[in-house]
Amino acid sequence: MDDRYGTDVLASGCRQRGAKQVAKVPAEIDLVVEVAGDGFCGAITRREAGTVELEDFKGRRRIFPLGRGFLIDGEPVELVVPAAQGHGRRRTASGSFAVADQRARVALPHRILVEGKHDAELVEKVWGADLRVEGVAVEFLEGVDRLPELLRDEPPGPGRRYGVLVDHLVPGSKEQRIAAALERGPHGRHLLIVGHPFIDVWQCVKPSSVGIRAWPEVPKGEDWKKGVCRRLGWPHAEQADTARAWQHILSKVTTFRDIEPTLLGRVEELIDFVTAP
């Protein structure tokens with residue numbers, strides 16, 4: 001005779017047997033999920049210390065604990081730490097596939113030149129692994145004004161191409177006039193100068209990655225870095241203060257997603273130029 005009431009309701013695991021199983025889904029970067037009961041929907045942009053960061057289509061970012069409480073296509077899921085992957089699937093900070101067991105190549109004569117130390121550190125943070133594989137060194141100029149002197153002393157040629165990244169390269173600027181004159185000059189064929197519209201490379205880091213709404217507006221004539229720190233409530237009296245501010249900003253950059261597209265495209269363009277056969 002069948003037992004209409006089933007098994008012993010006090011038995012271990014009885015409640016779990018009747019409950020719907022929730023799928024465990026690896027919290028992979030770029031996976032789009034919805035937060036149950038909240039409605040916030042976004043792609044996973046970062047995963048650390050038992051949490052995931054989601055970014056919605058408006059660029060807003062929020063952090064949630066790993067585990068249950070998420071939906072995919074309306075179905076509840078449990079986000080879990082992905083299993084370790086083989087080196088073949090690992091990506092660099094720039095989004096490129098990492099090359100397994102690849103030693104850095106001996107540096108080629110080609111160079112990528114940037115205006116300052118902070119620019120060089122940011123390029124290294126995001127593209128360093130790729131550039132070491134290609135054997136391309138990054139050097140800083142301490143200002144675009146130094147570029148004519150460098151080209152005179154160490155001129156580029158068929159075996160030595162220079163890619164140059166310039167801050168605030170906008171129509172009518174001093175930087176634009178210098179770049180245009182050099183590209184028309186005798187070394188123009190082996191020289192590529194590109195730039196971004198920002199006053200300083202700090203602004204190439206997305207404000208949301210730093211945890212601020214936007215980079216402050218600083219009046220012309222005021223020291224820009226100190227002005228930014230002052231308006232953000234950061235120490236700014238000494239040069240060491242702005243140096244620490246930059247290290248804080250740089251620490252927030254972990255992948256290319258933390259960088260403004262206007263810089264991403266320009267650096268990729270320079271890498272293609274100096275590594276072309």
# chains A, B, ... in the order shown; residues from 1 in each chain; ligands from 1
call {"tool": "select_by_dssp", "arguments": {"residues": "segment 54-199 of chain A", "states": "helix (DSSP H, G or I)", "output": "ChimeraX atom specification"}}
result
/A:87-89,117-134,144-153,174-184,188-190
call {"tool": "residues_around", "arguments": {"residues": "segment 268-275 of chain A", "least_positions_apart": "3", "cutoff": "6 Å", "atoms": "only C-alpha atoms", "output": "PyMOL selection string"}}
result
chain A and resi 110+161+163+265
call {"tool": "select_by_dssp", "arguments": {"residues": "segment 55-262 of chain A", "states": "strand (DSSP E or B)", "output": "VMD selection string"}}
result
chain A and resid 55 61 to 65 67 to 72 75 to 80 91 97 111 to 114 137 to 140 157 160 162 to 166 191 to 195 205 259
call {"tool": "residues_around", "arguments": {"residues": "Pro158 of chain A", "least_positions_apart": "5", "cutoff": "12 Å", "atoms": "only C-alpha atoms", "output": "PyMOL selection string"}}
result
chain A and resi 109-110+187-191+273-274+276-277
call {"tool": "write_last_selection", "arguments": {"atoms": "C-alpha atoms", "output": "short mmCIF file (atom, residue, chain, number, x, y, z; two decimals), in the first residue's frame"}}
result
data_model
loop_
_atom_site.label_atom_id
_atom_site.label_comp_id
_atom_site.auth_asym_id
_atom_site.auth_seq_id
_atom_site.Cartn_x
_atom_site.Cartn_y
_atom_site.Cartn_z
CA PRO A 109 64.78 49.34 -31.67
CA HIS A 110 61.14 50.45 -31.96
CA HIS A 187 60.95 61.54 -40.10
CA GLY A 188 57.19 61.55 -40.57
CA ARG A 189 57.10 58.24 -42.43
CA HIS A 190 58.55 56.36 -39.47
CA LEU A 191 56.72 58.31 -36.79
CA PHE A 273 52.44 50.67 -35.69
CA VAL A 274 55.66 49.72 -33.91
CA ALA A 276 54.11 45.87 -37.90
CA PRO A 277 56.51 43.83 -40.11
#
call {"tool": "closest_residue", "arguments": {"among": "A:Thr255, A:Gln247, A:Thr45, A:Gln203", "to": "Asp30 of chain A", "atoms": "only C-alpha atoms"}}
result
A:Thr45
call {"tool": "residues_around", "arguments": {"residues": "Val77 of chain A", "least_positions_apart": "4", "cutoff": "12 Å", "atoms": "only C-alpha atoms", "output": "ChimeraX atom specification"}}
result
/A:20-27,32-36,66-73
call {"tool": "write_last_selection", "arguments": {"atoms": "N, CA, C and O atoms", "output": "mmCIF file, in the first residue's frame"}}
result
data_model
loop_
_atom_site.group_PDB
_atom_site.id
_atom_site.type_symbol
_atom_site.label_atom_id
_atom_site.label_comp_id
_atom_site.auth_asym_id
_atom_site.auth_seq_id
_atom_site.Cartn_x
_atom_site.Cartn_y
_atom_site.Cartn_z
ATOM 1 N N LYS A 20 13.507 23.280 -4.939
ATOM 2 C CA LYS A 20 14.091 23.397 -6.274
ATOM 3 C C LYS A 20 15.575 23.691 -6.165
ATOM 4 O O LYS A 20 15.994 24.561 -5.409
ATOM 5 N N GLN A 21 16.379 22.940 -6.880
ATOM 6 C CA GLN A 21 17.816 23.122 -6.838
ATOM 7 C C GLN A 21 18.211 24.396 -7.596
ATOM 8 O O GLN A 21 17.709 24.659 -8.689
ATOM 9 N N VAL A 22 19.110 25.196 -7.006
ATOM 10 C CA VAL A 22 19.600 26.426 -7.634
ATOM 11 C C VAL A 22 20.920 26.117 -8.323
ATOM 12 O O VAL A 22 21.838 25.565 -7.705
ATOM 13 N N ALA A 23 21.014 26.480 -9.596
ATOM 14 C CA ALA A 23 22.226 26.195 -10.364
ATOM 15 C C ALA A 23 23.394 27.033 -9.858
ATOM 16 O O ALA A 23 23.243 28.217 -9.551
ATOM 17 N N LYS A 24 24.550 26.397 -9.768
ATOM 18 C CA LYS A 24 25.781 27.107 -9.414
ATOM 19 C C LYS A 24 26.438 27.570 -10.710
ATOM 20 O O LYS A 24 26.731 26.767 -11.590
ATOM 21 N N VAL A 25 26.666 28.872 -10.828
ATOM 22 C CA VAL A 25 27.213 29.452 -12.057
ATOM 23 C C VAL A 25 28.527 30.159 -11.740
ATOM 24 O O VAL A 25 28.572 31.003 -10.835
ATOM 25 N N PRO A 26 29.613 29.829 -12.449
ATOM 26 C CA PRO A 26 30.887 30.540 -12.229
ATOM 27 C C PRO A 26 30.747 32.028 -12.511
ATOM 28 O O PRO A 26 30.160 32.418 -13.531
ATOM 29 N N ALA A 27 31.249 32.848 -11.629
ATOM 30 C CA ALA A 27 31.164 34.308 -11.778
ATOM 31 C C ALA A 27 32.260 34.787 -12.730
ATOM 32 O O ALA A 27 33.246 35.412 -12.317
ATOM 33 N N VAL A 32 26.412 38.564 -17.504
ATOM 34 C CA VAL A 32 25.346 39.495 -17.140
ATOM 35 C C VAL A 32 24.362 38.801 -16.211
ATOM 36 O O VAL A 32 23.837 37.729 -16.524
ATOM 37 N N VAL A 33 24.135 39.417 -15.050
ATOM 38 C CA VAL A 33 23.203 38.857 -14.069
ATOM 39 C C VAL A 33 22.319 39.970 -13.525
ATOM 40 O O VAL A 33 22.636 41.160 -13.638
ATOM 41 N N GLU A 34 21.209 39.548 -12.920
ATOM 42 C CA GLU A 34 20.292 40.478 -12.260
ATOM 43 C C GLU A 34 20.293 40.171 -10.773
ATOM 44 O O GLU A 34 20.377 39.003 -10.370
ATOM 45 N N VAL A 35 20.189 41.205 -9.965
ATOM 46 C CA VAL A 35 20.135 41.019 -8.514
ATOM 47 C C VAL A 35 18.679 40.809 -8.118
ATOM 48 O O VAL A 35 17.835 41.679 -8.328
ATOM 49 N N ALA A 36 18.376 39.637 -7.573
ATOM 50 C CA ALA A 36 17.004 39.303 -7.200
ATOM 51 C C ALA A 36 16.501 40.263 -6.126
ATOM 52 O O ALA A 36 17.202 40.581 -5.177
ATOM 53 N N LEU A 66 29.309 37.261 -3.304
ATOM 54 C CA LEU A 66 29.101 36.038 -4.071
ATOM 55 C C LEU A 66 28.093 35.149 -3.358
ATOM 56 O O LEU A 66 27.927 35.220 -2.138
ATOM 57 N N GLY A 67 27.430 34.291 -4.143
ATOM 58 C CA GLY A 67 26.480 33.349 -3.550
ATOM 59 C C GLY A 67 25.137 33.452 -4.222
ATOM 60 O O GLY A 67 25.030 33.748 -5.419
ATOM 61 N N ARG A 68 24.087 33.180 -3.451
ATOM 62 C CA ARG A 68 22.730 33.213 -3.992
ATOM 63 C C ARG A 68 22.214 34.647 -4.060
ATOM 64 O O ARG A 68 22.857 35.576 -3.586
ATOM 65 N N GLY A 69 21.034 34.789 -4.667
ATOM 66 C CA GLY A 69 20.437 36.115 -4.751
ATOM 67 C C GLY A 69 20.567 36.760 -6.117
ATOM 68 O O GLY A 69 20.327 37.954 -6.264
ATOM 69 N N PHE A 70 20.935 35.962 -7.132
ATOM 70 C CA PHE A 70 21.078 36.487 -8.487
ATOM 71 C C PHE A 70 20.156 35.724 -9.452
ATOM 72 O O PHE A 70 19.765 34.574 -9.172
ATOM 73 N N LEU A 71 19.846 36.374 -10.557
ATOM 74 C CA LEU A 71 19.009 35.762 -11.593
ATOM 75 C C LEU A 71 19.713 35.820 -12.938
ATOM 76 O O LEU A 71 20.387 36.804 -13.249
ATOM 77 N N ILE A 72 19.540 34.764 -13.725
ATOM 78 C CA ILE A 72 19.959 34.761 -15.119
ATOM 79 C C ILE A 72 18.772 34.303 -15.935
ATOM 80 O O ILE A 72 18.234 33.207 -15.701
ATOM 81 N N ASP A 73 18.316 35.152 -16.865
ATOM 82 C CA ASP A 73 17.103 34.864 -17.650
ATOM 83 C C ASP A 73 15.923 34.551 -16.744
ATOM 84 O O ASP A 73 15.086 33.682 -17.032
#
call {"tool": "closest_residue", "arguments": {"among": "A:Val170, A:Leu113, A:Leu165, A:Leu31", "to": "Asp56 of chain A", "atoms": "only C-alpha atoms"}}
result
A:Leu31
call {"tool": "residues_around", "arguments": {"residues": "Thr242 of chain A", "least_positions_apart": "3", "cutoff": "8 Å", "atoms": "only C-alpha atoms", "output": "NGL selection string"}}
result
:A and (225-226 or 229 or 235-236 or 238-239 or 245-246)
call {"tool": "closest_residue", "arguments": {"among": "A:His168, A:His118, A:Arg146, A:Arg111", "to": "Arg244 of chain A", "atoms": "only C-alpha atoms"}}
result
A:His118
call {"tool": "residues_around", "arguments": {"residues": "Pro171 of chain A", "least_positions_apart": "5", "cutoff": "12 Å", "atoms": "only C-alpha atoms", "output": "NGL selection string"}}
result
:A and (176-180 or 195-197)
call {"tool": "atom_distance", "arguments": {"atom1": "atom CA of Cys204 of chain A", "atom2": "atom CA of Asp167 of chain A"}}
result
9.8 Å
call {"tool": "residues_around", "arguments": {"residues": "Pro216 of chain A", "least_positions_apart": "3", "cutoff": "8 Å", "atoms": "only C-alpha atoms", "output": "list in words"}}
result
Val228, Arg231 and Leu232 of chain A
